$ cat input-v2.txt   # compact mmCIF, C-alpha atoms
# COMPACT_ATOMS: atom_id res chain seq x y z
CA MET V 10 3.68 20.10 13.46
CA SER V 11 2.41 16.74 12.22
CA GLU V 12 -1.30 15.98 12.12
CA HIS V 13 -0.44 12.54 13.49
CA THR V 14 0.73 12.63 17.09
CA GLY V 15 1.78 9.00 17.48
CA SER V 16 -0.90 8.34 20.10
CA ALA V 17 -1.91 4.76 20.84
CA GLU V 18 -5.55 5.76 20.31
CA ARG V 19 -6.90 4.15 17.14
CA PRO V 20 -8.07 6.81 14.63
CA ALA V 21 -10.78 6.13 12.06
CA PRO V 22 -9.50 4.84 8.68
CA ALA V 23 -11.12 7.79 6.88
CA ASP V 24 -9.27 10.24 9.14
CA VAL V 25 -5.98 8.46 8.48
CA TRP V 26 -6.52 8.57 4.74
CA GLU V 27 -7.33 12.28 4.95
CA ILE V 28 -3.94 12.89 6.61
CA LEU V 29 -2.20 10.86 3.91
CA ARG V 30 -4.19 12.55 1.17
CA ARG V 31 -3.26 16.01 2.41
CA GLY V 32 0.37 14.96 2.68
CA ASN V 33 0.30 13.73 -0.91
CA GLU V 34 -1.32 16.97 -1.97
CA ARG V 35 1.57 18.88 -0.40
CA PHE V 36 4.04 16.61 -2.19
CA VAL V 37 2.34 17.17 -5.55
CA CYS V 38 2.47 20.93 -5.04
CA GLY V 39 6.09 20.87 -3.84
CA ASP V 40 5.16 22.43 -0.50
CA VAL V 41 6.09 19.60 1.88
CA ASP V 42 6.27 19.83 5.68
CA HIS V 43 8.72 16.94 6.33
CA PRO V 44 6.97 16.23 9.66
CA ASN V 45 8.32 14.03 12.46
CA GLN V 46 11.86 13.90 11.11
CA ASN V 47 13.80 15.56 13.92
CA ALA V 48 15.81 14.32 16.90
CA GLU V 49 12.92 14.83 19.30
CA ARG V 50 10.67 12.59 17.25
CA ARG V 51 13.41 9.98 16.94
CA SER V 52 13.90 9.90 20.71
CA SER V 53 10.16 9.60 21.37
CA LEU V 54 9.97 6.35 19.41
CA THR V 55 12.66 4.34 21.19
CA GLU V 56 10.22 2.41 23.38
CA SER V 57 7.15 2.01 21.16
CA GLN V 58 5.53 2.85 17.85
CA HIS V 59 1.96 3.66 16.89
CA PRO V 60 1.84 4.03 13.09
CA MET V 61 -1.43 5.33 11.72
CA ALA V 62 -1.34 3.11 8.62
CA VAL V 63 0.48 0.21 7.05
CA ILE V 64 1.46 0.84 3.44
CA PHE V 65 2.02 -2.27 1.34
CA GLY V 66 3.61 -1.09 -1.86
CA CYS V 67 5.88 -1.91 -4.74
CA SER V 68 9.63 -1.86 -4.11
CA ASP V 69 10.20 0.50 -7.04
CA SER V 70 12.74 3.20 -6.15
CA ARG V 71 10.35 5.90 -7.35
CA LEU V 72 7.70 4.93 -4.82
CA ALA V 73 8.98 5.92 -1.37
CA ALA V 74 5.85 5.98 0.78
CA GLU V 75 7.05 8.37 3.49
CA ILE V 76 8.08 10.89 0.84
CA ILE V 77 5.01 10.83 -1.39
CA PHE V 78 2.67 11.11 1.61
CA ASP V 79 4.89 13.65 3.41
CA VAL V 80 5.06 11.80 6.73
CA GLY V 81 7.92 10.96 9.06
CA LEU V 82 9.34 8.54 11.60
CA GLY V 83 6.76 6.34 13.27
CA ASP V 84 3.89 7.51 11.08
CA VAL V 85 3.55 4.55 8.71
CA PHE V 86 4.52 0.87 8.81
CA VAL V 87 5.87 0.04 5.35
CA VAL V 88 5.95 -3.36 3.62
CA ARG V 89 7.37 -3.55 0.09
CA THR V 90 7.83 -6.22 -2.56
CA ALA V 91 8.31 -5.94 -6.32
CA GLY V 92 4.87 -5.58 -7.86
CA GLN V 93 3.42 -5.57 -4.32
CA VAL V 94 3.06 -9.36 -4.52
CA ILE V 95 1.73 -11.21 -1.49
CA ASP V 96 3.63 -13.98 0.27
CA ASP V 97 3.66 -15.41 3.80
CA ALA V 98 6.08 -12.75 5.06
CA VAL V 99 3.87 -9.98 3.69
CA LEU V 100 0.74 -11.41 5.29
CA GLY V 101 2.57 -11.87 8.58
CA SER V 102 3.77 -8.28 8.47
CA LEU V 103 0.28 -6.98 7.74
CA GLU V 104 -1.22 -9.10 10.51
CA PHE V 105 1.43 -7.83 12.93
CA SER V 106 0.68 -4.23 12.05
CA VAL V 107 -3.05 -4.67 12.61
CA GLU V 108 -3.06 -7.00 15.63
CA GLU V 109 -0.01 -5.74 17.53
CA LEU V 110 0.40 -2.14 16.38
CA LYS V 111 -3.35 -1.52 16.01
CA THR V 112 -3.07 0.23 12.65
CA PRO V 113 -6.60 0.95 11.37
CA LEU V 114 -5.76 1.29 7.67
CA ILE V 115 -3.90 -0.83 5.10
CA VAL V 116 -2.98 0.98 1.90
CA VAL V 117 -2.13 -1.21 -1.09
CA LEU V 118 0.06 1.05 -3.23
CA GLY V 119 0.80 0.37 -6.89
CA HIS V 120 2.16 2.70 -9.53
CA ASP V 121 2.02 3.26 -13.27
CA SER V 122 4.74 1.88 -15.55
CA CYS V 123 5.33 -0.97 -13.07
CA GLY V 124 8.14 -3.18 -14.37
CA ALA V 125 6.88 -6.29 -12.58
CA VAL V 126 3.41 -5.93 -14.09
CA LYS V 127 4.87 -5.27 -17.55
CA ALA V 128 7.07 -8.36 -17.25
CA THR V 129 3.99 -10.40 -16.39
CA ILE V 130 2.03 -9.01 -19.34
CA ASP V 131 4.95 -9.90 -21.64
CA ALA V 132 5.30 -13.37 -20.13
CA THR V 133 1.58 -14.03 -20.51
CA ALA V 134 1.63 -12.89 -24.14
CA SER V 135 4.69 -14.96 -25.06
CA GLY V 136 3.85 -18.02 -22.99
CA THR V 137 7.27 -17.95 -21.34
CA THR V 138 8.39 -17.11 -17.81
CA PRO V 139 11.59 -15.44 -16.56
CA PRO V 140 14.30 -17.52 -14.87
CA GLY V 141 15.10 -17.63 -11.16
CA TYR V 142 12.89 -16.16 -8.48
CA VAL V 143 11.54 -13.50 -10.83
CA ARG V 144 9.30 -16.34 -12.03
CA SER V 145 7.64 -16.32 -8.61
CA LEU V 146 6.78 -12.63 -8.99
CA VAL V 147 5.31 -13.21 -12.44
CA GLU V 148 3.27 -16.19 -11.27
CA ARG V 149 1.76 -14.16 -8.42
CA ILE V 150 0.85 -11.23 -10.69
CA THR V 151 -0.52 -13.40 -13.52
CA PRO V 152 -4.06 -13.76 -12.04
CA SER V 153 -4.39 -9.96 -12.00
CA VAL V 154 -3.20 -9.72 -15.61
CA LEU V 155 -5.69 -12.36 -16.73
CA HIS V 156 -8.48 -10.68 -14.79
CA ALA V 157 -7.61 -7.34 -16.42
CA ARG V 158 -7.72 -8.93 -19.86
CA ARG V 159 -11.13 -10.44 -19.21
CA ASN V 160 -12.33 -6.93 -18.39
CA GLY V 161 -10.85 -5.51 -21.59
CA PHE V 162 -7.77 -3.86 -20.06
CA GLU V 163 -4.54 -4.31 -22.03
CA SER V 164 -2.27 -1.40 -21.07
CA VAL V 165 0.28 -1.59 -18.27
CA ASN V 166 -1.31 1.22 -16.28
CA ASP V 167 -4.85 -0.17 -16.53
CA THR V 168 -3.48 -3.57 -15.50
CA VAL V 169 -1.66 -2.00 -12.54
CA GLU V 170 -4.95 -0.56 -11.33
CA GLU V 171 -6.62 -3.95 -11.64
CA HIS V 172 -3.67 -5.59 -9.85
CA VAL V 173 -4.03 -3.17 -6.94
CA LYS V 174 -7.73 -4.02 -6.62
CA GLN V 175 -7.06 -7.75 -6.87
CA THR V 176 -4.24 -7.53 -4.30
CA ALA V 177 -6.51 -5.82 -1.78
CA ASP V 178 -9.10 -8.55 -2.28
CA ARG V 179 -6.49 -11.31 -1.91
CA ILE V 180 -5.27 -9.91 1.40
CA VAL V 181 -8.60 -10.52 3.09
CA ASP V 182 -9.15 -13.76 1.18
CA SER V 183 -5.75 -15.12 2.27
CA SER V 184 -5.64 -14.01 5.91
CA ARG V 185 -8.35 -15.04 8.35
CA VAL V 186 -6.86 -12.60 10.88
CA LEU V 187 -7.21 -9.63 8.54
CA HIS V 188 -10.61 -10.75 7.26
CA THR V 189 -11.88 -10.91 10.84
CA ALA V 190 -10.35 -7.52 11.70
CA MET V 191 -12.09 -5.97 8.71
CA GLN V 192 -15.41 -7.62 9.55
CA GLU V 193 -15.13 -6.28 13.11
CA GLY V 194 -14.38 -2.77 11.85
CA ARG V 195 -10.83 -2.72 13.24
CA VAL V 196 -9.17 -2.20 9.86
CA ALA V 197 -10.03 -1.02 6.37
CA ILE V 198 -8.10 -1.55 3.15
CA MET V 199 -7.67 0.99 0.37
CA GLY V 200 -6.23 0.37 -3.07
CA VAL V 201 -4.20 3.31 -4.35
CA THR V 202 -2.27 3.94 -7.56
CA TYR V 203 0.58 6.42 -7.80
CA ARG V 204 1.14 8.53 -10.91
CA LEU V 205 4.87 8.90 -11.44
CA ALA V 206 4.75 12.09 -13.51
CA GLU V 207 2.27 13.99 -11.35
CA GLY V 208 3.21 12.49 -7.98
CA ARG V 209 -0.49 11.94 -7.29
CA ALA V 210 -1.91 9.02 -5.29
CA ASP V 211 -5.44 8.08 -6.42
CA VAL V 212 -7.86 5.78 -4.62
CA VAL V 213 -9.10 2.95 -6.86
CA SER V 214 -10.79 0.64 -4.34
CA SER V 215 -11.79 0.31 -0.70
CA LEU V 216 -12.78 -2.55 1.59
CA GLY V 217 -14.26 -2.20 5.05
CA GLU V 218 -15.50 0.92 6.79
CA VAL V 219 -13.66 3.86 5.21

$ encode --input "input-v2.txt" --output "structure tokens"
Amino acid sequence: MSEHTGSAERPAPADVWEILRRGNERFVCGDVDHPNQNAERRSSLTESQHPMAVIFGCSDSRLAAEIIFDVGLGDVFVVRTAGQVIDDAVLGSLEFSVEELKTPLIVVLGHDSCGAVKATIDATASGTTPPGYVRSLVERITPSVLHARRNGFESVNDTVEEHVKQTADRIVDSSRVLHTAMQEGRVAIMGVTYRLAEGRADVVSSLGEV
């Protein structure tokens, strides 16, 4: 039985994170429940959805949010881009999840050994940028890389952690809707990094009432 019932009642962000944390703990230990993944759950979601969190993460194939947090259908609203970079579509998706779906928690999810972050570190060091639309990814990650350097962080994994923190900050700086929701206590934002080898999701930052 899942801890999240799919009710329209808005849970507290801290309670949502505790559900996700326990799910990740099960995943790390290899003792997963696979909740809300049956035909009954599927049928119950045909008319509406009430996800407990929106997870904005990297598109990396090793970072499947529903799996690493051991949740199921209707539990989380997932937005993914390479390097979890923000654009208009991302902000619109996050605003939709908070304003329309009433999700009380946004999780910004990065991971170690991130290829997009490494590409940006390399591009910054060499003074060159990749061709095509990959350039857009690098340009959006570059401020995080520069900020990490100013704080003495050079490694990919340390830079990933800084990028997660910076991304969480940029969400509320870029969206008046989300900034207002956070100020009113309707949503909180947590920055989380995922360790590929251990399968562990660690909190690195929080904004709002968590």

$ closest_residue --input "input-v2.txt" --among "V:Ala73, V:Leu216, V:Val169, V:Ile180" --to "Leu103 of chain V" --atoms "only C-alpha atoms"
V:Ile180

$ residues_around --input "input-v2.txt" --residues "Val219 of chain V" --least-positions-apart "3" --cutoff "12 Å" --atoms "all atoms listed in the file" --output "PyMOL selection string"
chain V and resi 20-27+113-116+191+194-200+212+214-216

$ closest_residue --input "input-v2.txt" --among "V:Glu148, V:Asp121, V:Asp178, V:Glu49" --to "Leu82 of chain V" --atoms "all atoms listed in the file"
V:Glu49

$ atom_distance --input "input-v2.txt" --atom1 "atom CA of Val154 of chain V" --atom2 "atom CA of Glu104 of chain V"
26.2 Å

$ residues_around --input "input-v2.txt" --residues "Asp182 of chain V" --least-positions-apart "5" --cutoff "12 Å" --atoms "only C-alpha atoms" --output "ChimeraX atom specification"
/V:95,100,175-177,187-189,191,216

$ closest_residue --input "input-v2.txt" --among "V:Arg31, V:His59, V:Arg209, V:Lys127" --to "Thr151 of chain V" --atoms "all atoms listed in the file"
V:Lys127

$ residues_around --input "input-v2.txt" --residues "Gly66 of chain V" --least-positions-apart "5" --cutoff "8 Å" --atoms "all atoms listed in the file" --output "PyMOL selection string"
chain V and resi 72+74+87-90+92-93+116-119

$ atom_distance --input "input-v2.txt" --atom1 "atom CA of Asp167 of chain V" --atom2 "atom CA of Thr133 of chain V"
15.8 Å

$ atom_distance --input "input-v2.txt" --atom1 "atom CA of Phe86 of chain V" --atom2 "atom CA of His120 of chain V"
18.6 Å

$ residues_around --input "input-v2.txt" --residues "Gly39 of chain V" --least-positions-apart "2" --cutoff "12 Å" --atoms "only C-alpha atoms" --output "PDB file with C-alpha atoms, in the frame of the given file"
ATOM      1  CA  GLY V  32       0.370  14.960   2.680  1.00  0.00           C
ATOM      2  CA  ASN V  33       0.300  13.730  -0.910  1.00  0.00           C
ATOM      3  CA  GLU V  34      -1.320  16.970  -1.970  1.00  0.00           C
ATOM      4  CA  ARG V  35       1.570  18.880  -0.400  1.00  0.00           C
ATOM      5  CA  PHE V  36       4.040  16.610  -2.190  1.00  0.00           C
ATOM      6  CA  VAL V  37       2.340  17.170  -5.550  1.00  0.00           C
ATOM      7  CA  VAL V  41       6.090  19.600   1.880  1.00  0.00           C
ATOM      8  CA  ASP V  42       6.270  19.830   5.680  1.00  0.00           C
ATOM      9  CA  HIS V  43       8.720  16.940   6.330  1.00  0.00           C
ATOM     10  CA  ILE V  76       8.080  10.890   0.840  1.00  0.00           C
ATOM     11  CA  ILE V  77       5.010  10.830  -1.390  1.00  0.00           C
ATOM     12  CA  PHE V  78       2.670  11.110   1.610  1.00  0.00           C
ATOM     13  CA  ASP V  79       4.890  13.650   3.410  1.00  0.00           C
ATOM     14  CA  GLU V 207       2.270  13.990 -11.350  1.00  0.00           C
ATOM     15  CA  GLY V 208       3.210  12.490  -7.980  1.00  0.00           C
ATOM     16  CA  ARG V 209      -0.490  11.940  -7.290  1.00  0.00           C
TER      17      ARG V 209
END

$ closest_residue --input "input-v2.txt" --among "V:Arg19, V:Lys174, V:Arg185, V:Arg159" --to "Ala62 of chain V" --atoms "all atoms listed in the file"
V:Arg19

$ closest_residue --input "input-v2.txt" --among "V:Arg179, V:Asp69, V:Glu171, V:Thr137" --to "Ala125 of chain V" --atoms "only C-alpha atoms"
V:Asp69

$ residues_around --input "input-v2.txt" --residues "Ser106 of chain V" --least-positions-apart "5" --cutoff "8 Å" --atoms "all atoms listed in the file" --output "MDAnalysis selection string"
chainID V and resid 63 86 111:112
